[in-house]
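J.: Submitted below is the structure of interest, expressed as structure tokens.
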Amino acid sequence: MTDEVAKAVEECARVAKHAAPSLATAPDEAIDAALTAMADRLVEHRADILAANDADVTRARAEGMSAGLLDRLTITEDRLTGMADQLRLLAGAPHQQRSVDVSALDGGLKLVERRRPVGVIGANYEARPNVTVDVASQLVKSRNAGVLRTGSAALGSAQRLIETVVAPALTAAGIDAGVVQLVPRTERDAAAALVRLPDLVPLVILRGSGETTRALAAEGAQCGVRTLAHADGGGVLYVDEAADAGTVAALVGGSLDRLGVCNRLNLLLVHSAVYDRLWPVISEALAGRGVTPSLPPHEHAIGYEWALDSDREATVTVSTVDGLTEAVAIANEQTSGLAAGIATEDAAAAEAFFDAYQGTGVFWNAPTRLLDGFKLLGVPETGINLDRVPGPRGPVTYTDLYVRQYAVLPASR
């Protein structure tokens, strides 16, 4: 890592920390006004934003970026409108309670849980410009300053969004625009620099490929920086012997509407007793999405994440299993643990699947594509955390980005 990269990241962190009190003490009305102004500015400046994004996409296409990654990089008219709509919904969402009474104590005292901002939160994410707005808005709603670092392919779009949408909206609401910083460097080392600043950025949200994210999380741990990691993805669908053919077809097709996303169908496990009967239905659904099945014998790990494979992204692994127990064991032990669903008309089988699967999201006759902050909770997410320890798990939103402080005070106050 060069000194220039490390200094650039540290400077962003210092600016954000200096500005953080402006956001931490802002009234609810100012926070929501800033988010509403971001939505308005997205629409008002759509031509400028789309032009910057088109330049990023054109350059990435010339450099050989895969179709799936290009899809992630692209802001369409509809996606821009969706970004604005989500900002308005977030502006209208209730604010976290800053103080919650817990219990009465002896001596005329009471215990109160106070919820305080972390201070400055970092975020490292892939070439998806919409994530710049998603993360920035979540940080603002939770009153945390932020240092954002995106992939080089999306940096032009991200800079335009910060300069044209986020910063002016904050200023208009009376909040120091310095609370949201975007690292202006394209080097990959900038991500490593972001997880090495425990005194300035104690928490970093990590999104991207599993290998990169795990490496950054390990480095952050060595430096005393906590991370919320959204690493490996891939949805699993188990087709039970009591599955309805029409439901299976709808789930397969509905889970593959986009291929370059983490919650798409990745692994299809079919009960051997119904495989011959349902395979024509499944095959037709896959063909309808232009997706190729990877059939046994597999030359790859059964849970291999196709969304990250630029050459074979339009692929789903298919395998037979002897029953629910084997399907759950595979989902728990050989996949990322992001999400798994069961297709069945047997309520007892669904309940057994729910009890046995240990992953973040579990679904009955519903697509794993629903594991998304906006689709489940009505607000954007900063990422999906897959940790199997206490803490925010699943879609992480503004309601998760705080630290607890216990206060004891007179019961009369």
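Following the order of the structure tokens, first chain is A, next is B, and so on, with residues numbered from 1 inside each chain and ligands from 1 in the order they appear.
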Tell me, as a list in words, which residues lie within 10 Å of region 373-376 of chain A, counting only C-alpha atoms; anything in the same chain fewer than 6 positions away does not count.
T.: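 Selected residues are Gln86, Leu89, Leu90, Thr382, Gly383, Ile384, Gly394, Pro395, Val396 and Thr397 of chain A.
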J.: Would you mind reading off the distance between CA of Ala145 (chain A) and CA of Pro21 (chain A), one decimal, in Å?
T.: 8.6 Å
J.: Could you name the residues that touch Trp279 (chain A) at 12 Å or less, counting only C-alpha atoms, but leaving out those on the same chain fewer than 5 positions away, as a PyMOL selection string?
T.: chain A and resi 239+245+248-249+252+268-274+284-287+293+295+318-320
J.: Restricting it to N, CA and C atoms, dump the selection as a PDB file, in the first residue's frame.
T.:
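Final output, result-v2.pdb:
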```
ATOM      1  N   VAL A 239     -36.612 -28.986  -3.339  1.00  0.00           N
ATOM      2  CA  VAL A 239     -37.907 -29.406  -3.874  1.00  0.00           C
ATOM      3  C   VAL A 239     -38.292 -30.710  -3.184  1.00  0.00           C
ATOM      4  N   ALA A 245     -45.974 -28.796  -8.719  1.00  0.00           N
ATOM      5  CA  ALA A 245     -45.194 -28.499  -9.925  1.00  0.00           C
ATOM      6  C   ALA A 245     -45.282 -27.032 -10.316  1.00  0.00           C
ATOM      7  N   VAL A 248     -43.141 -24.953  -7.997  1.00  0.00           N
ATOM      8  CA  VAL A 248     -41.719 -25.135  -8.292  1.00  0.00           C
ATOM      9  C   VAL A 248     -41.317 -24.300  -9.501  1.00  0.00           C
ATOM     10  N   ALA A 249     -42.112 -24.333 -10.555  1.00  0.00           N
ATOM     11  CA  ALA A 249     -41.807 -23.557 -11.758  1.00  0.00           C
ATOM     12  C   ALA A 249     -41.751 -22.069 -11.444  1.00  0.00           C
ATOM     13  N   VAL A 252     -38.511 -21.284  -9.323  1.00  0.00           N
ATOM     14  CA  VAL A 252     -37.284 -21.305 -10.132  1.00  0.00           C
ATOM     15  C   VAL A 252     -37.206 -20.071 -11.015  1.00  0.00           C
ATOM     16  N   LEU A 268     -30.102 -26.032  -6.578  1.00  0.00           N
ATOM     17  CA  LEU A 268     -31.424 -26.652  -6.598  1.00  0.00           C
ATOM     18  C   LEU A 268     -31.288 -28.116  -6.195  1.00  0.00           C
ATOM     19  N   LEU A 269     -31.892 -28.476  -5.080  1.00  0.00           N
ATOM     20  CA  LEU A 269     -31.850 -29.840  -4.557  1.00  0.00           C
ATOM     21  C   LEU A 269     -33.238 -30.450  -4.712  1.00  0.00           C
ATOM     22  N   VAL A 270     -33.321 -31.542  -5.453  1.00  0.00           N
ATOM     23  CA  VAL A 270     -34.614 -32.150  -5.773  1.00  0.00           C
ATOM     24  C   VAL A 270     -34.697 -33.547  -5.160  1.00  0.00           C
ATOM     25  N   HIS A 271     -35.798 -33.799  -4.460  1.00  0.00           N
ATOM     26  CA  HIS A 271     -36.018 -35.134  -3.880  1.00  0.00           C
ATOM     27  C   HIS A 271     -36.010 -36.161  -5.008  1.00  0.00           C
ATOM     28  N   SER A 272     -35.232 -37.220  -4.812  1.00  0.00           N
ATOM     29  CA  SER A 272     -35.058 -38.218  -5.878  1.00  0.00           C
ATOM     30  C   SER A 272     -36.378 -38.868  -6.286  1.00  0.00           C
ATOM     31  N   ALA A 273     -37.363 -38.921  -5.366  1.00  0.00           N
ATOM     32  CA  ALA A 273     -38.636 -39.573  -5.666  1.00  0.00           C
ATOM     33  C   ALA A 273     -39.466 -38.798  -6.684  1.00  0.00           C
ATOM     34  N   VAL A 274     -39.205 -37.470  -6.813  1.00  0.00           N
ATOM     35  CA  VAL A 274     -40.023 -36.658  -7.738  1.00  0.00           C
ATOM     36  C   VAL A 274     -39.178 -36.048  -8.856  1.00  0.00           C
ATOM     37  N   GLU A 284     -37.754 -26.428 -18.081  1.00  0.00           N
ATOM     38  CA  GLU A 284     -38.429 -25.381 -18.854  1.00  0.00           C
ATOM     39  C   GLU A 284     -38.288 -24.024 -18.171  1.00  0.00           C
ATOM     40  N   ALA A 285     -38.396 -24.001 -16.838  1.00  0.00           N
ATOM     41  CA  ALA A 285     -38.259 -22.748 -16.099  1.00  0.00           C
ATOM     42  C   ALA A 285     -36.845 -22.194 -16.220  1.00  0.00           C
ATOM     43  N   LEU A 286     -35.849 -23.067 -16.157  1.00  0.00           N
ATOM     44  CA  LEU A 286     -34.460 -22.615 -16.314  1.00  0.00           C
ATOM     45  C   LEU A 286     -34.236 -22.073 -17.725  1.00  0.00           C
ATOM     46  N   ALA A 287     -34.727 -22.780 -18.709  1.00  0.00           N
ATOM     47  CA  ALA A 287     -34.567 -22.331 -20.094  1.00  0.00           C
ATOM     48  C   ALA A 287     -35.243 -20.993 -20.322  1.00  0.00           C
ATOM     49  N   PRO A 293     -28.377 -25.680 -16.427  1.00  0.00           N
ATOM     50  CA  PRO A 293     -28.170 -26.474 -15.210  1.00  0.00           C
ATOM     51  C   PRO A 293     -26.804 -27.136 -15.200  1.00  0.00           C
ATOM     52  N   LEU A 295     -25.303 -30.308 -13.928  1.00  0.00           N
ATOM     53  CA  LEU A 295     -25.816 -31.590 -13.456  1.00  0.00           C
ATOM     54  C   LEU A 295     -24.686 -32.501 -12.964  1.00  0.00           C
ATOM     55  N   VAL A 318     -27.649 -28.318  -9.954  1.00  0.00           N
ATOM     56  CA  VAL A 318     -28.805 -29.176  -9.691  1.00  0.00           C
ATOM     57  C   VAL A 318     -28.314 -30.520  -9.171  1.00  0.00           C
ATOM     58  N   SER A 319     -28.953 -31.030  -8.125  1.00  0.00           N
ATOM     59  CA  SER A 319     -28.581 -32.334  -7.591  1.00  0.00           C
ATOM     60  C   SER A 319     -29.796 -32.982  -6.947  1.00  0.00           C
ATOM     61  N   THR A 320     -29.823 -34.300  -6.947  1.00  0.00           N
ATOM     62  CA  THR A 320     -30.879 -35.022  -6.244  1.00  0.00           C
ATOM     63  C   THR A 320     -30.437 -35.305  -4.817  1.00  0.00           C
TER      64      THR A 320
END
```
J.: Write out as a ChimeraX atom specification the residues lying within 7 Å of region 214-223 of chain A, counting only C-alpha atoms and excluding same-chain residues fewer than 3 positions away.
T.: /A:192,195-196,198,210-211,226-227
J.: Using only C-alpha atoms, pick whichever of A:Asp78, A:Asp311, A:Asp71, A:Asp176 has the shortest atom-to-atom distance to Arg128 (chain A).
T.: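 Among A:Asp78, A:Asp311, A:Asp71, A:Asp176, it is A:Asp71 that comes nearest to Arg128 (chain A).
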J.: Can you tell me, as a list of chain:residue names, what residues are no more than 10 Å from Asp232 (chain A) when counting only C-alpha atoms, ignoring any on the same chain fewer than 4 positions away?
T.: A:Arg207, A:Gly208, A:Ser209, A:Gly210, A:Glu211, A:Thr213, A:Arg214, A:Cys262, A:Asn263, A:Tyr304, A:Glu305, A:Ala307, A:Leu308, A:Thr335, A:Ser336, A:Gly337, A:Leu338, A:Leu386
J.: Near Gln97 (chain A), counting only C-alpha atoms, which residues have an atom at most 9 Å away, once you skip same-chain residues fewer than 3 positions from it, shown as a PDB file with N, CA, C and O atoms, in the first residue's frame?
T.:
```pdb
ATOM      1  N   PRO A  94     -39.941   5.478  10.897  1.00  0.00           N
ATOM      2  CA  PRO A  94     -39.732   5.990  12.260  1.00  0.00           C
ATOM      3  C   PRO A  94     -38.270   5.965  12.654  1.00  0.00           C
ATOM      4  O   PRO A  94     -37.517   5.079  12.257  1.00  0.00           O
ATOM      5  N   VAL A 100     -34.624   4.071  25.997  1.00  0.00           N
ATOM      6  CA  VAL A 100     -35.672   3.093  26.275  1.00  0.00           C
ATOM      7  C   VAL A 100     -35.586   2.693  27.748  1.00  0.00           C
ATOM      8  O   VAL A 100     -34.544   2.227  28.219  1.00  0.00           O
ATOM      9  N   ARG A 114     -29.687   3.603  26.497  1.00  0.00           N
ATOM     10  CA  ARG A 114     -29.513   4.696  25.545  1.00  0.00           C
ATOM     11  C   ARG A 114     -28.863   4.142  24.271  1.00  0.00           C
ATOM     12  O   ARG A 114     -27.956   3.320  24.347  1.00  0.00           O
ATOM     13  N   ARG A 115     -29.353   4.558  23.130  1.00  0.00           N
ATOM     14  CA  ARG A 115     -28.839   4.085  21.852  1.00  0.00           C
ATOM     15  C   ARG A 115     -28.104   5.222  21.163  1.00  0.00           C
ATOM     16  O   ARG A 115     -28.689   6.240  20.815  1.00  0.00           O
TER      17      ARG A 115
END
```
J.: For Ala349 (chain A), which residue out of A:Thr317, A:Asn365, A:Gln334, A:Gln138 is the nearest one, using only C-alpha atoms?
T.: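 Smallest distance to Ala349 (chain A) is found for A:Asn365.
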J.: Could you give me the residues within region 94-316 of chain A that DSSP places in alpha helix (DSSP H), as JSON, numbers by chain?
T.: {"A": [129, 130, 131, 132, 133, 134, 135, 136, 137, 138, 139, 140, 141, 155, 156, 157, 158, 159, 160, 161, 167, 168, 169, 170, 171, 172, 189, 190, 191, 192, 193, 194, 210, 211, 212, 213, 214, 215, 216, 217, 218, 219, 220, 221, 222, 223, 245, 246, 247, 248, 249, 250, 251, 252, 253, 254, 275, 276, 277, 278, 279, 280, 281, 282, 283, 284, 285, 286, 287, 288]}
J.: State, in Å with one decimal place, the distance from CA of Ala242 (chain A) to CA of Glu345 (chain A).
T.: 5.5 Å
J.: Quick one: of A:Leu259, A:Ala158, A:Val102, A:Ala93, who's nearest to Asp56 (chain A), counting only C-alpha atoms?
T.: A:Ala158
J.: What's the 7 Å shell around region 134-136 of chain A, counting only C-alpha atoms, without same-chain residues fewer than 3 positions away, as a list in words?
T.: Asn130, Val131, Leu139, Val140, Val180, Pro380, Glu381 and Thr382 of chain A
J.: Select, from A:Asp40, A:Glu63, A:Glu29, A:Glu333, the residue with the minimum atom-to-atom distance to Leu80 (chain A), counting only C-alpha atoms.
T.: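 Residue with the minimum atom-to-atom distance to Leu80 (chain A): A:Asp40.
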J.: Restricting the calculation to only C-alpha atoms: of A:Arg59, A:Arg116, A:Arg79, A:His298, which residue gets closest to Ser142 (chain A)?
T.: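 Selected residue with least distance to Ser142 (chain A): A:Arg116.
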J.: Determine the nearest neighbour of Asp355 (chain A) from the options A:Leu324, A:Ala314, A:Leu256, A:Val179, counting only C-alpha atoms.
T.: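 Going through A:Leu324, A:Ala314, A:Leu256, A:Val179 one by one, the smallest distance to Asp355 (chain A) is for A:Leu324.
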J.: Could you write out, as JSON, numbers by chain, all the residues of region 141-286 of chain A that DSSP marks as strand (DSSP E or B)?
T.: {"A": [145, 146, 147, 148, 149, 150, 180, 181, 182, 203, 204, 205, 206, 207, 226, 227, 228, 229, 230, 235, 236, 237, 238, 239, 265, 266, 267, 268, 269, 270, 271]}
J.: Hey, could you make a per-residue contact list for region 43-103 of chain A against region 31-35 of chain A with 7 Å as the cut-off, showing the nearest pair of atoms and its distance in Å to one decimal, counting only C-alpha atoms, sorted by chain and number, as a Markdown table?
T.:
```
| residue | atom | partner | partner_atom | distance |
| --- | --- | --- | --- | --- |
| A:Leu87 | CA | A:Leu35 | CA | 5.9 |
| A:Arg88 | CA | A:Leu35 | CA | 6.8 |
| A:Ala91 | CA | A:Asp32 | CA | 4.6 |
```
J.: Can you tell me how far CA of Gly341 (chain A) sits from CA of Val281 (chain A), in Å to one decimal?
T.: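 Between CA of Gly341 (chain A) and CA of Val281 (chain A) the gap works out to 17.9 Å.
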